[in-house]
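The next block is work.cif, given as mmCIF, C-alpha atoms.
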```
data_final
loop_
_atom_site.label_atom_id
_atom_site.label_comp_id
_atom_site.auth_asym_id
_atom_site.auth_seq_id
_atom_site.Cartn_x
_atom_site.Cartn_y
_atom_site.Cartn_z
CA MET Z 5 125.28 113.99 100.07
CA ASN Z 6 127.38 114.75 103.15
CA LEU Z 7 125.35 117.00 105.39
CA GLY Z 8 127.47 116.50 108.46
CA LYS Z 9 128.90 120.03 108.60
CA VAL Z 10 126.20 122.61 109.00
CA SER Z 11 128.75 125.43 108.73
CA ASN Z 12 129.25 124.55 105.06
CA TRP Z 13 125.75 125.84 104.35
CA LYS Z 14 126.09 129.18 106.07
CA TYR Z 15 125.10 132.05 103.74
CA LYS Z 16 124.62 129.54 100.89
CA ILE Z 17 121.05 128.26 101.39
CA SER Z 18 117.94 130.39 101.78
CA ASN Z 19 115.33 127.64 102.23
CA PHE Z 20 115.54 124.11 103.69
CA GLN Z 21 113.60 122.77 100.69
CA GLN Z 22 116.73 123.27 98.63
CA LEU Z 23 117.94 120.14 100.43
CA GLY Z 24 114.68 118.37 101.25
CA GLY Z 25 111.75 118.30 103.64
CA ILE Z 26 107.96 117.96 103.54
CA GLU Z 27 105.58 119.63 101.09
CA THR Z 28 101.80 119.23 101.32
CA SER Z 29 99.35 119.66 98.44
CA VAL Z 30 96.03 118.46 96.99
CA LEU Z 31 95.52 116.36 93.85
CA ASP Z 32 93.30 118.12 91.33
CA ASN Z 33 92.54 115.54 88.64
CA GLY Z 34 91.31 112.00 88.06
CA LEU Z 35 90.15 109.51 90.68
CA GLY Z 36 92.19 111.21 93.38
CA ARG Z 37 90.78 114.71 92.81
CA GLY Z 38 90.61 116.59 96.10
CA THR Z 39 92.85 114.12 97.95
CA ARG Z 40 95.45 115.57 100.34
CA ILE Z 41 99.03 114.38 99.90
CA ALA Z 42 102.50 115.18 101.18
CA TRP Z 43 105.76 114.72 99.27
CA ILE Z 44 108.84 114.00 101.35
CA ASN Z 45 112.32 114.56 99.94
CA THR Z 46 115.16 113.12 102.03
CA GLY Z 47 117.90 114.89 100.08
CA THR Z 48 119.49 111.57 99.11
CA GLY Z 49 117.56 110.62 95.99
CA LEU Z 50 114.83 108.96 98.11
CA ARG Z 51 111.52 110.76 97.81
CA TYR Z 52 108.04 109.47 98.50
CA LYS Z 53 104.40 110.51 98.57
CA LEU Z 54 102.14 110.20 101.60
CA VAL Z 55 98.41 110.15 100.95
CA LEU Z 56 96.95 111.90 103.99
CA ASP Z 57 93.40 111.04 103.01
CA ARG Z 58 94.25 107.33 102.79
CA GLY Z 59 95.49 106.88 106.38
CA MET Z 60 98.77 108.65 105.52
CA ASP Z 61 99.97 105.55 103.68
CA ILE Z 62 102.84 105.78 101.17
CA VAL Z 63 102.09 105.38 97.45
CA ASP Z 64 104.79 106.64 95.06
CA ALA Z 65 108.42 106.11 96.11
CA PHE Z 66 111.58 106.71 94.08
CA TYR Z 67 115.31 106.44 94.54
CA ASN Z 68 116.91 108.70 91.92
CA GLU Z 69 115.36 107.58 88.62
CA HIS Z 70 114.19 104.19 89.93
CA SER Z 71 110.68 103.52 91.19
CA LEU Z 72 110.54 101.34 94.29
CA ALA Z 73 106.76 100.91 94.50
CA TRP Z 74 104.11 99.13 92.46
CA ILE Z 75 101.21 101.38 91.44
CA SER Z 76 97.88 99.82 90.47
CA HIS Z 77 95.95 100.70 87.30
CA ASN Z 78 93.85 103.21 89.25
CA GLY Z 79 96.64 104.83 91.22
CA VAL Z 80 95.50 107.11 94.01
CA ALA Z 81 91.71 107.31 94.39
CA SER Z 82 89.87 109.46 96.88
CA PRO Z 83 88.90 107.60 100.06
CA GLN Z 84 85.63 105.66 100.03
CA PRO Z 85 84.82 105.19 103.75
CA PHE Z 86 81.90 102.86 103.11
CA SER Z 87 83.63 100.56 100.60
CA ASP Z 88 84.20 98.02 103.37
CA LYS Z 89 81.97 95.25 102.04
CA GLY Z 90 83.19 92.09 100.34
CA ILE Z 91 86.21 92.81 98.16
CA GLU Z 92 85.32 96.42 97.36
CA TRP Z 93 88.67 97.38 98.97
CA LEU Z 94 90.33 96.33 95.70
CA ARG Z 95 88.44 99.03 93.74
CA THR Z 96 90.44 101.81 95.42
CA PHE Z 97 93.68 99.92 96.18
CA ALA Z 98 96.51 102.05 94.78
CA GLY Z 99 99.19 99.49 95.51
CA GLY Z 100 101.91 101.79 96.75
CA LEU Z 101 104.98 101.27 98.85
CA PHE Z 102 103.16 101.04 102.18
CA THR Z 103 99.46 100.21 102.55
CA THR Z 104 97.96 99.53 105.96
CA CYS Z 105 95.37 96.79 106.52
CA GLY Z 106 93.33 96.88 109.72
CA LEU Z 107 92.74 98.13 112.32
CA SER Z 108 90.34 95.34 113.29
CA ASN Z 109 90.39 93.06 110.23
CA ALA Z 110 93.23 91.90 107.98
CA GLY Z 111 92.43 89.29 105.38
CA PRO Z 112 89.36 88.16 103.43
CA PRO Z 113 85.76 89.23 103.96
CA ASN Z 114 84.19 87.44 106.92
CA GLU Z 115 81.18 87.57 109.19
CA ASP Z 116 80.44 86.38 112.70
CA GLU Z 117 78.45 87.48 115.74
CA SER Z 118 80.28 90.84 115.73
CA GLY Z 119 79.14 91.67 112.19
CA ALA Z 120 80.47 91.66 108.62
CA LYS Z 121 83.98 92.81 107.68
CA GLY Z 122 85.29 93.59 104.23
CA LEU Z 123 88.65 92.68 102.76
CA HIS Z 124 91.55 94.19 104.78
CA GLY Z 125 89.38 96.48 106.87
CA LYS Z 126 88.61 100.18 106.82
CA TYR Z 127 91.98 101.80 107.47
CA SER Z 128 93.19 102.69 103.99
CA ASN Z 129 89.87 104.33 103.11
CA THR Z 130 89.95 106.58 106.18
CA PRO Z 131 91.32 110.13 106.02
CA ALA Z 132 93.95 111.03 108.59
CA GLU Z 133 93.75 114.05 110.87
CA LEU Z 134 97.02 115.91 110.43
CA VAL Z 135 98.48 116.81 113.83
CA THR Z 136 101.97 118.23 113.31
CA ILE Z 137 104.66 118.76 110.69
CA LYS Z 138 108.24 119.33 111.78
CA GLN Z 139 110.57 120.55 109.07
CA PRO Z 140 114.38 120.36 109.20
CA ASP Z 141 116.14 123.49 110.44
CA ILE Z 142 119.36 123.65 108.47
CA HIS Z 143 120.57 126.79 110.22
CA SER Z 144 120.53 125.24 113.71
CA GLY Z 145 121.81 121.90 112.40
CA ASP Z 146 118.59 120.00 113.16
CA LEU Z 147 118.22 117.81 110.07
CA ASP Z 148 115.29 115.73 111.37
CA PHE Z 149 111.77 115.94 109.95
CA GLU Z 150 108.52 114.26 110.90
CA ILE Z 151 104.83 114.30 110.16
CA VAL Z 152 102.21 113.05 112.63
CA ALA Z 153 98.56 112.21 112.04
CA LYS Z 154 95.70 110.32 113.68
CA VAL Z 155 93.33 107.80 112.10
CA ARG Z 156 90.17 106.63 113.84
CA GLU Z 157 88.10 103.47 113.40
CA SER Z 158 85.03 104.19 115.45
CA SER Z 159 81.34 103.53 115.87
CA THR Z 160 78.95 105.03 118.38
CA PHE Z 161 78.29 102.39 121.07
CA GLY Z 162 80.92 100.21 119.39
CA PRO Z 163 84.71 99.81 119.38
CA HIS Z 164 86.80 102.97 119.16
CA LEU Z 165 90.36 102.48 117.94
CA GLU Z 166 92.68 105.39 117.23
CA MET Z 167 96.07 105.08 115.57
CA THR Z 168 98.69 107.79 115.82
CA ARG Z 169 101.14 107.55 112.93
CA LYS Z 170 104.52 109.26 112.88
CA ILE Z 171 106.62 109.12 109.72
CA SER Z 172 110.05 110.58 110.15
CA GLY Z 173 113.55 110.76 108.75
CA ARG Z 174 116.64 112.86 108.44
CA ILE Z 175 117.98 114.93 105.59
CA GLY Z 176 120.90 112.98 104.15
CA SER Z 177 119.58 109.54 105.17
CA ALA Z 178 117.84 107.27 102.63
CA GLU Z 179 115.40 105.71 105.07
CA ILE Z 180 111.80 105.97 106.25
CA GLN Z 181 110.93 105.53 109.93
CA ILE Z 182 107.33 104.59 110.70
CA GLN Z 183 105.88 104.45 114.20
CA ASP Z 184 102.23 103.53 114.71
CA THR Z 185 100.52 103.52 118.11
CA VAL Z 186 97.07 101.94 118.30
CA ALA Z 187 94.94 102.80 121.33
CA ASN Z 188 91.56 101.52 122.45
CA LEU Z 189 89.75 104.71 123.49
CA GLY Z 190 86.44 102.95 124.01
CA ASN Z 191 84.93 101.41 127.13
CA GLN Z 192 84.89 97.79 125.96
CA LYS Z 193 87.38 95.30 124.55
CA ALA Z 194 88.20 95.96 120.89
CA PRO Z 195 89.37 93.40 118.29
CA HIS Z 196 92.65 94.36 116.64
CA MET Z 197 94.53 93.06 113.59
CA LEU Z 198 97.20 94.89 111.60
CA LEU Z 199 99.10 94.05 108.41
CA TYR Z 200 101.43 96.25 106.35
CA HIS Z 201 101.39 95.69 102.57
CA ILE Z 202 104.87 96.78 101.35
CA ASN Z 203 104.24 96.57 97.60
CA CYS Z 204 107.29 96.81 95.35
CA GLY Z 205 107.46 96.93 91.57
CA TRP Z 206 109.67 97.45 88.53
CA PRO Z 207 112.51 98.24 88.19
CA LEU Z 208 113.48 97.25 91.75
CA ILE Z 209 111.39 94.13 91.20
CA ASP Z 210 112.52 92.35 88.05
CA GLU Z 211 113.35 88.85 86.90
CA GLY Z 212 115.94 87.50 89.30
CA THR Z 213 115.56 90.15 92.01
CA ARG Z 214 116.31 88.45 95.31
CA ILE Z 215 113.51 88.24 97.88
CA ILE Z 216 115.28 88.21 101.23
CA TRP Z 217 113.90 86.70 104.41
CA LYS Z 218 114.77 83.94 106.87
CA GLY Z 219 112.24 81.78 108.65
CA GLU Z 220 109.83 78.90 108.30
CA LYS Z 221 107.58 79.05 105.24
CA LYS Z 222 103.97 77.98 105.50
CA PRO Z 223 102.24 78.05 102.09
CA LYS Z 224 98.77 79.51 102.09
CA ALA Z 225 96.43 76.58 102.63
CA THR Z 226 93.80 77.85 100.18
CA ASP Z 227 96.22 78.70 97.36
CA ALA Z 228 95.16 76.57 94.40
CA ASN Z 229 97.51 78.47 92.11
CA ASN Z 230 100.80 77.70 93.86
CA THR Z 231 102.88 77.54 90.71
CA GLN Z 232 105.81 75.33 89.83
CA PHE Z 233 107.93 78.48 89.98
CA ASN Z 234 107.57 78.79 93.73
CA ILE Z 235 107.54 75.08 94.40
CA LYS Z 236 111.02 75.11 92.84
CA HIS Z 237 112.34 78.50 93.96
CA GLU Z 238 110.62 78.75 97.36
CA PHE Z 239 109.68 82.43 97.16
CA THR Z 240 113.31 83.64 96.96
CA ARG Z 241 113.57 85.03 93.37
CA CYS Z 242 111.25 87.18 91.30
CA ALA Z 243 109.68 85.53 88.27
CA PRO Z 244 108.98 86.84 84.77
CA PRO Z 245 105.37 87.81 84.00
CA MET Z 246 103.25 84.63 84.11
CA ASP Z 247 99.97 83.64 82.45
CA GLU Z 248 99.15 81.61 85.59
CA HIS Z 249 98.85 84.88 87.52
CA ALA Z 250 96.25 86.51 85.31
CA GLY Z 251 93.27 87.79 87.28
CA PHE Z 252 93.38 86.50 90.85
CA GLY Z 253 96.36 84.18 90.26
CA GLU Z 254 98.99 84.48 92.97
CA ASP Z 255 101.45 82.72 95.22
CA VAL Z 256 101.38 83.48 98.94
CA ALA Z 257 103.57 82.26 101.78
CA PHE Z 258 102.93 82.77 105.48
CA ILE Z 259 106.31 83.06 107.19
CA ASP Z 260 107.33 82.66 110.82
CA PRO Z 261 110.38 84.95 110.53
CA ASN Z 262 113.68 84.53 112.30
CA ALA Z 263 114.74 87.36 114.60
CA ASP Z 264 118.07 88.30 116.14
CA SER Z 265 118.81 88.45 119.87
CA ARG Z 266 117.01 91.79 120.12
CA GLY Z 267 113.89 90.45 118.40
CA THR Z 268 114.61 92.32 115.16
CA VAL Z 269 113.52 90.87 111.81
CA VAL Z 270 115.25 91.92 108.57
CA CYS Z 271 113.83 91.25 105.11
CA GLY Z 272 113.63 93.00 101.75
CA TYR Z 273 114.55 92.97 98.07
CA ALA Z 274 117.89 93.21 96.26
CA ASN Z 275 118.32 93.87 92.54
CA ASP Z 276 121.96 93.04 91.90
CA ASP Z 277 121.86 94.25 88.30
CA LEU Z 278 120.74 97.73 89.40
CA GLY Z 279 122.85 97.73 92.57
CA LEU Z 280 119.70 98.69 94.47
CA ALA Z 281 117.95 97.16 97.46
CA LEU Z 282 115.14 97.92 99.90
CA LYS Z 283 115.81 96.74 103.45
CA ILE Z 284 112.84 96.34 105.81
CA THR Z 285 113.34 96.10 109.57
CA PHE Z 286 110.71 95.47 112.25
CA SER Z 287 110.22 93.88 115.67
CA LYS Z 288 108.98 90.30 115.85
CA ASN Z 289 107.63 91.02 119.33
CA GLN Z 290 105.33 93.60 117.77
CA LEU Z 291 104.71 91.90 114.41
CA PRO Z 292 105.27 88.13 114.71
CA TRP Z 293 104.28 87.25 111.12
CA LEU Z 294 105.67 88.01 107.66
CA ILE Z 295 103.70 87.33 104.48
CA ASN Z 296 105.16 87.21 100.97
CA TRP Z 297 102.58 87.90 98.27
CA GLN Z 298 103.64 87.32 94.67
CA HIS Z 299 101.48 88.36 91.73
CA TRP Z 300 103.38 88.10 88.44
CA GLY Z 301 100.44 89.03 86.19
CA LYS Z 302 101.17 90.68 82.85
CA GLY Z 303 100.73 94.40 83.43
CA GLU Z 304 100.16 93.73 87.14
CA TYR Z 305 103.67 92.76 88.20
CA VAL Z 306 104.14 93.05 91.95
CA THR Z 307 105.39 91.38 95.07
CA ALA Z 308 104.89 92.40 98.68
CA LEU Z 309 106.50 91.62 102.01
CA GLU Z 310 103.94 92.13 104.75
CA PRO Z 311 104.83 92.32 108.46
CA ALA Z 312 101.70 91.55 110.46
CA THR Z 313 100.15 90.75 113.81
CA HIS Z 314 98.41 87.77 112.15
CA PRO Z 315 98.42 85.98 108.82
CA PRO Z 316 95.70 87.52 106.62
CA ILE Z 317 93.01 85.09 107.74
CA GLY Z 318 90.33 87.59 108.79
CA GLN Z 319 88.89 88.45 112.17
CA LYS Z 320 86.45 85.52 112.29
CA ASN Z 321 89.19 82.89 111.85
CA ALA Z 322 91.52 84.68 114.26
CA ARG Z 323 88.75 84.75 116.86
CA GLU Z 324 88.04 81.04 116.35
CA ASN Z 325 91.69 79.96 116.63
CA GLY Z 326 92.28 82.12 119.70
CA SER Z 327 94.87 84.46 118.13
CA LEU Z 328 92.69 87.57 117.85
CA ILE Z 329 94.07 90.52 119.84
CA LEU Z 330 91.49 92.08 122.16
CA LEU Z 331 92.69 95.46 123.37
CA GLU Z 332 91.43 96.39 126.82
CA PRO Z 333 89.96 99.89 127.31
CA GLY Z 334 92.89 102.29 127.47
CA GLU Z 335 95.39 99.71 126.19
CA LYS Z 336 97.95 100.73 123.55
CA ARG Z 337 100.24 98.85 121.18
CA THR Z 338 103.14 100.41 119.25
CA TYR Z 339 104.63 99.19 115.98
CA ASN Z 340 107.95 100.37 114.56
CA LEU Z 341 109.23 99.75 111.03
CA LYS Z 342 112.15 101.06 109.03
CA LEU Z 343 112.51 101.06 105.23
CA GLU Z 344 116.03 101.74 104.02
CA VAL Z 345 117.49 102.04 100.52
CA LEU Z 346 120.83 100.28 99.96
CA THR Z 347 123.18 100.83 97.04
CA GLY Z 348 126.57 99.63 95.78
CA GLU Z 349 128.45 97.14 97.94
CA GLU Z 350 125.68 97.19 100.54
CA VAL Z 351 123.43 95.40 98.05
CA LYS Z 352 125.88 92.51 97.60
CA GLU Z 353 126.18 92.12 101.37
CA PHE Z 354 122.41 92.11 101.92
CA ASN Z 355 121.23 88.52 102.21
#
```

Have the structure of the file written as C-alpha cells, please.
Amino acid sequence: MNLGKVSNWKYKISNFQQLGGIETSVLDNGLGRGTRIAWINTGTGLRYKLVLDRGMDIVDAFYNEHSLAWISHNGVASPQPFSDKGIEWLRTFAGGLFTTCGLSNAGPPNEDESGAKGLHGKYSNTPAELVTIKQPDIHSGDLDFEIVAKVRESSTFGPHLEMTRKISGRIGSAEIQIQDTVANLGNQKAPHMLLYHINCGWPLIDEGTRIIWKGEKKPKATDANNTQFNIKHEFTRCAPPMDEHAGFGEDVAFIDPNADSRGTVVCGYANDDLGLALKITFSKNQLPWLINWQHWGKGEYVTALEPATHPPIGQKNARENGSLILLEPGEKRTYNLKLEVLTGEEVKEFN
C-alpha cells in the first residue's frame, strides 16, 4: 500500500484504524483469561499481538494469510510471577514471535551464592506497566505509531532492574522496531543477562526453508541429540518433523555472528516456495551472540534465532567464566532490534 501522499486520504477516511494502528483489549477465555494484549496492524499485511501482561512480548504474528510465529500447545497463559523455579517457565511458554529471557538469568536453572534461578528468568512472567500509546495521525501525515511500557525485576534490599520497552513502526512499512533500555535503579551492582527467543513456525518454517546467518558455529557442548541432519546441513535448512526431536530432543548452535563495518548483524529465514522471508537485524556491540535452536518434534515444529548478551548458559556459569554483566547503580544498556518481512524478489536476494 502506497501511503506516501497524505492528500489522497483527505475526506476519504474517518478513522486511522481503517489503515492500521494499535488496539488494546483483554482476553476473556482459557489459560489467558484476564490477560491484557494489544494488536498492532501495520497496514501492509503484517499484524501482530503484544501480550502486555507477559512483558509486552509478541506472540501471534501474521503476514497476510501466513503465520510467522510458532505457538505452543498452551498459547497465551496469564503470567505466573512465582513460576521461576526449575523448568516451570516451560509451563507458561507460549512460543510466540518474540519472547524475552532475562533480565538477570538466561539459560538453565542454576544456583550459587546469590540464590536459585529458574529457566530463562522472570521477565516473561512479569506484567508490563503501560506508559504511552502513540497512534498514527493520518490527517497531519504522521504515520508513525509506538507503544511504551516498563517491566521491573526487583526485590526489596536486592537488585532492582527496570526495562523500558518501546515497540514502534510506521503505517505502510512491514517491520517491527524494538528498543529495550535496561537500567539498574538499585544501590548495588546487579547481574544482567538478556536473550531474545524469536520463535518461527509453519508455514514460514517448512522443509527446506533457509536459515540465514553468517559466523562461527559452536555446537552446544551438552547436546547429546545433535542429529545427523545438522551434522550434514550445519543448521542452514529446516528439516521435516523428526522422531529424534520428540520430548526434549533438539539441536542447538551457539554462533559468534559476523557483523558489517557498522557492527550490524543480519540473520533470518527465507521460504523460497512462499516468496516470504523474515529478516532480523541487531547490533553485535549490544548483543554479541546468536543462538539457533531447532526443535523438529511432531506437532511441536519450531526453530528460533536468538540474539543475546550471552549464550544460554545461566548466571552461575557466566559468573564463573567472567562474562556476567554487572550493571553499576544508575547504569543503563540499550538494545535495538528490527524484524522485517520480505516478499518477492527480496526473498531471493536475502542470503

Rounded to one decimal place, report the CA of Lys154 in chain Z-CA of Lys170 in chain Z distance in Å.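 Taking CA of Lys154 in chain Z as the start and CA of Lys170 in chain Z as the end point, the length is 8.9 Å.
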
Just want the 7 Å neighbourhood of range 106-117 of chain Z, counted on all atoms listed in the file, with same-chain residues fewer than 3 positions away dropped. Output as a PyMOL selection string. chain Z and resi 90-91+120-127+195-199+316-320

Which value, in Å to one decimal, gives the distance between CA of Glu254 in chain Z and CA of Gln298 in chain Z?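 So the two atoms, CA of Glu254 in chain Z and CA of Gln298 in chain Z, lie 5.7 Å apart.
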
Residues matched by the PyMOL selection byres ((chain Z and resi 206-208) around 12), written as a VMD selection string: chain Z and resid 65 to 75 101 203 to 205 209 to 215 242 to 245 272 to 283 300 303 to 307 345 to 347 351

Provide the CA of Leu341 in chain Z to CA of Ser177 in chain Z distance in Å, to one decimal place. 15.4 Å

Go through the shown structure with the PyMOL selection byres ((chain Z and resi 239) around 12) and write out the matching residues as a VMD selection string. chain Z and resid 212 to 223 230 to 238 240 to 243 254 to 259 273 295 to 299 307 to 309

For the structure provided, state which residues fall under the PyMOL selection byres ((chain Z and resi 178-184) around 6), and present them as a PyMOL selection string. chain Z and resi 48+50+168-173+177+185+338-345

Taking all atoms listed in the file into account, which of Z:Thr103, Z:Ile202, Z:Gly59, Z:Asp247 comes nearest Glu157 in chain Z?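 Of Z:Thr103, Z:Ile202, Z:Gly59, Z:Asp247, the one nearest Glu157 in chain Z is Z:Gly59, counting all atoms listed in the file.
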
As JSON: centre and edge lengths in Å, one decimal, of the axis-aligned box holding range 58-63 of chain Z with 4 Å per side:
```
{"center_x": 98.5, "center_y": 107.0, "center_z": 101.9, "size_x": 16.6, "size_y": 11.3, "size_z": 16.9}
```

Z:Arg174, Z:Val55, Z:Gly119, Z:His314 ranked by distance to Leu134 in chain Z, top pick (using all atoms listed in the file):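 Looking at the shortest contact to Leu134 in chain Z, the residue is Z:Val55.
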
Neighbours of Phe20 in chain Z within 7 Å (all atoms listed in the file; same-chain residues fewer than 3 positions away dropped), as a PyMOL selection string? chain Z and resi 23-25+140-142

Judged by only C-alpha atoms, the minimum distance to Ser82 in chain Z among Z:Pro131, Z:Gly301, Z:Gly36, Z:Pro315 is found for Z:Gly36

Of the candidates Z:Ile26, Z:Val80, Z:Ile17, Z:Leu147, which shows the shortest atom-to-atom distance to Gly38 in chain Z, using only C-alpha atoms?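 Of Z:Ile26, Z:Val80, Z:Ile17, Z:Leu147, the one nearest Gly38 in chain Z, counting only C-alpha atoms, is Z:Val80.
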
Could you check the closest approach to Ala187 in chain Z for each of Z:Lys16, Z:Lys336, Z:Arg37, Z:His77 and tell me which residue wins, using all atoms listed in the file? Z:Lys336

Distance criterion (only C-alpha atoms): nearest to Phe161 in chain Z out of Z:Lys138, Z:Ser128, Z:Leu189, Z:Phe149: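 Closest residue, counting only C-alpha atoms: Z:Leu189.
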
Could you pull the residues within 6 Å of Asp64 in chain Z, counting only C-alpha atoms, minus those fewer than 4 positions along the same chain, as a PyMOL selection string? chain Z and resi 52-53+100

Contacts of Asn188 in chain Z within 6 Å, all atoms listed in the file, excl. fewer than 3 positions in-chain, as a PyMOL selection string: chain Z and resi 164-165+333-335

Rebuild range 336-344 of chain Z to all heavy atoms - output it as a PDB file, in the coordinates of the input, please.
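Output below, filename out.pdb:
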```pdb
ATOM      1  N   LYS Z 336      97.270 100.267 124.762  1.00  0.00           N
ATOM      2  CA  LYS Z 336      97.950 100.730 123.550  1.00  0.00           C
ATOM      3  C   LYS Z 336      98.948  99.692 123.076  1.00  0.00           C
ATOM      4  O   LYS Z 336      99.518  98.962 123.878  1.00  0.00           O
ATOM      5  CB  LYS Z 336      98.687 102.051 123.814  1.00  0.00           C
ATOM      6  CG  LYS Z 336      97.818 103.211 124.201  1.00  0.00           C
ATOM      7  CD  LYS Z 336      98.662 104.458 124.426  1.00  0.00           C
ATOM      8  CE  LYS Z 336      97.797 105.658 124.807  1.00  0.00           C
ATOM      9  NZ  LYS Z 336      98.626 106.876 125.025  1.00  0.00           N
ATOM     10  N   ARG Z 337      99.169  99.666 121.773  1.00  0.00           N
ATOM     11  CA  ARG Z 337     100.240  98.850 121.180  1.00  0.00           C
ATOM     12  C   ARG Z 337     100.973  99.708 120.153  1.00  0.00           C
ATOM     13  O   ARG Z 337     100.340 100.408 119.359  1.00  0.00           O
ATOM     14  CB  ARG Z 337      99.698  97.591 120.516  1.00  0.00           C
ATOM     15  CG  ARG Z 337      99.152  96.582 121.506  1.00  0.00           C
ATOM     16  CD  ARG Z 337      99.172  95.187 120.937  1.00  0.00           C
ATOM     17  NE  ARG Z 337      98.728  94.214 121.920  1.00  0.00           N
ATOM     18  CZ  ARG Z 337      98.923  92.909 121.826  1.00  0.00           C
ATOM     19  NH1 ARG Z 337      99.554  92.417 120.764  1.00  0.00           N
ATOM     20  NH2 ARG Z 337      98.492  92.087 122.758  1.00  0.00           N
ATOM     21  N   THR Z 338     102.305  99.618 120.165  1.00  0.00           N
ATOM     22  CA  THR Z 338     103.140 100.410 119.250  1.00  0.00           C
ATOM     23  C   THR Z 338     103.873  99.495 118.300  1.00  0.00           C
ATOM     24  O   THR Z 338     104.353  98.420 118.684  1.00  0.00           O
ATOM     25  CB  THR Z 338     104.129 101.276 120.050  1.00  0.00           C
ATOM     26  OG1 THR Z 338     103.398 102.217 120.839  1.00  0.00           O
ATOM     27  CG2 THR Z 338     105.060 102.038 119.118  1.00  0.00           C
ATOM     28  N   TYR Z 339     103.964  99.945 117.041  1.00  0.00           N
ATOM     29  CA  TYR Z 339     104.630  99.190 115.980  1.00  0.00           C
ATOM     30  C   TYR Z 339     105.645 100.103 115.308  1.00  0.00           C
ATOM     31  O   TYR Z 339     105.327 101.235 114.944  1.00  0.00           O
ATOM     32  CB  TYR Z 339     103.595  98.709 114.952  1.00  0.00           C
ATOM     33  CG  TYR Z 339     102.472  97.902 115.572  1.00  0.00           C
ATOM     34  CD1 TYR Z 339     101.279  98.515 115.952  1.00  0.00           C
ATOM     35  CD2 TYR Z 339     102.617  96.535 115.815  1.00  0.00           C
ATOM     36  CE1 TYR Z 339     100.257  97.782 116.539  1.00  0.00           C
ATOM     37  CE2 TYR Z 339     101.599  95.795 116.403  1.00  0.00           C
ATOM     38  CZ  TYR Z 339     100.422  96.423 116.766  1.00  0.00           C
ATOM     39  OH  TYR Z 339      99.426  95.694 117.361  1.00  0.00           O
ATOM     40  N   ASN Z 340     106.870  99.595 115.166  1.00  0.00           N
ATOM     41  CA  ASN Z 340     107.950 100.370 114.560  1.00  0.00           C
ATOM     42  C   ASN Z 340     108.512  99.616 113.362  1.00  0.00           C
ATOM     43  O   ASN Z 340     108.834  98.420 113.465  1.00  0.00           O
ATOM     44  CB  ASN Z 340     109.078 100.587 115.569  1.00  0.00           C
ATOM     45  CG  ASN Z 340     108.636 101.420 116.755  1.00  0.00           C
ATOM     46  OD1 ASN Z 340     108.530 102.637 116.669  1.00  0.00           O
ATOM     47  ND2 ASN Z 340     108.363 100.765 117.879  1.00  0.00           N
ATOM     48  N   LEU Z 341     108.647 100.313 112.241  1.00  0.00           N
ATOM     49  CA  LEU Z 341     109.230  99.750 111.030  1.00  0.00           C
ATOM     50  C   LEU Z 341     110.202 100.744 110.424  1.00  0.00           C
ATOM     51  O   LEU Z 341     110.040 101.958 110.569  1.00  0.00           O
ATOM     52  CB  LEU Z 341     108.163  99.403 109.992  1.00  0.00           C
ATOM     53  CG  LEU Z 341     107.046  98.440 110.404  1.00  0.00           C
ATOM     54  CD1 LEU Z 341     105.805  99.210 110.833  1.00  0.00           C
ATOM     55  CD2 LEU Z 341     106.690  97.492 109.266  1.00  0.00           C
ATOM     56  N   LYS Z 342     111.211 100.220 109.751  1.00  0.00           N
ATOM     57  CA  LYS Z 342     112.150 101.060 109.030  1.00  0.00           C
ATOM     58  C   LYS Z 342     112.337 100.507 107.624  1.00  0.00           C
ATOM     59  O   LYS Z 342     112.555  99.308 107.441  1.00  0.00           O
ATOM     60  CB  LYS Z 342     113.513 101.116 109.737  1.00  0.00           C
ATOM     61  CG  LYS Z 342     114.524 101.998 109.013  1.00  0.00           C
ATOM     62  CD  LYS Z 342     115.778 102.241 109.843  1.00  0.00           C
ATOM     63  CE  LYS Z 342     116.651 101.013 109.955  1.00  0.00           C
ATOM     64  NZ  LYS Z 342     117.953 101.302 110.598  1.00  0.00           N
ATOM     65  N   LEU Z 343     112.240 101.388 106.626  1.00  0.00           N
ATOM     66  CA  LEU Z 343     112.510 101.060 105.230  1.00  0.00           C
ATOM     67  C   LEU Z 343     113.744 101.835 104.820  1.00  0.00           C
ATOM     68  O   LEU Z 343     113.784 103.060 104.959  1.00  0.00           O
ATOM     69  CB  LEU Z 343     111.328 101.426 104.345  1.00  0.00           C
ATOM     70  CG  LEU Z 343     110.121 100.473 104.302  1.00  0.00           C
ATOM     71  CD1 LEU Z 343     109.479 100.296 105.665  1.00  0.00           C
ATOM     72  CD2 LEU Z 343     109.076 100.967 103.298  1.00  0.00           C
ATOM     73  N   GLU Z 344     114.739 101.127 104.311  1.00  0.00           N
ATOM     74  CA  GLU Z 344     116.030 101.740 104.020  1.00  0.00           C
ATOM     75  C   GLU Z 344     116.514 101.343 102.639  1.00  0.00           C
ATOM     76  O   GLU Z 344     116.488 100.157 102.283  1.00  0.00           O
ATOM     77  CB  GLU Z 344     117.045 101.299 105.072  1.00  0.00           C
ATOM     78  CG  GLU Z 344     118.438 101.854 104.930  1.00  0.00           C
ATOM     79  CD  GLU Z 344     119.380 101.338 106.006  1.00  0.00           C
ATOM     80  OE1 GLU Z 344     118.956 100.501 106.834  1.00  0.00           O
ATOM     81  OE2 GLU Z 344     120.547 101.772 106.008  1.00  0.00           O
TER      82      GLU Z 344
END
```
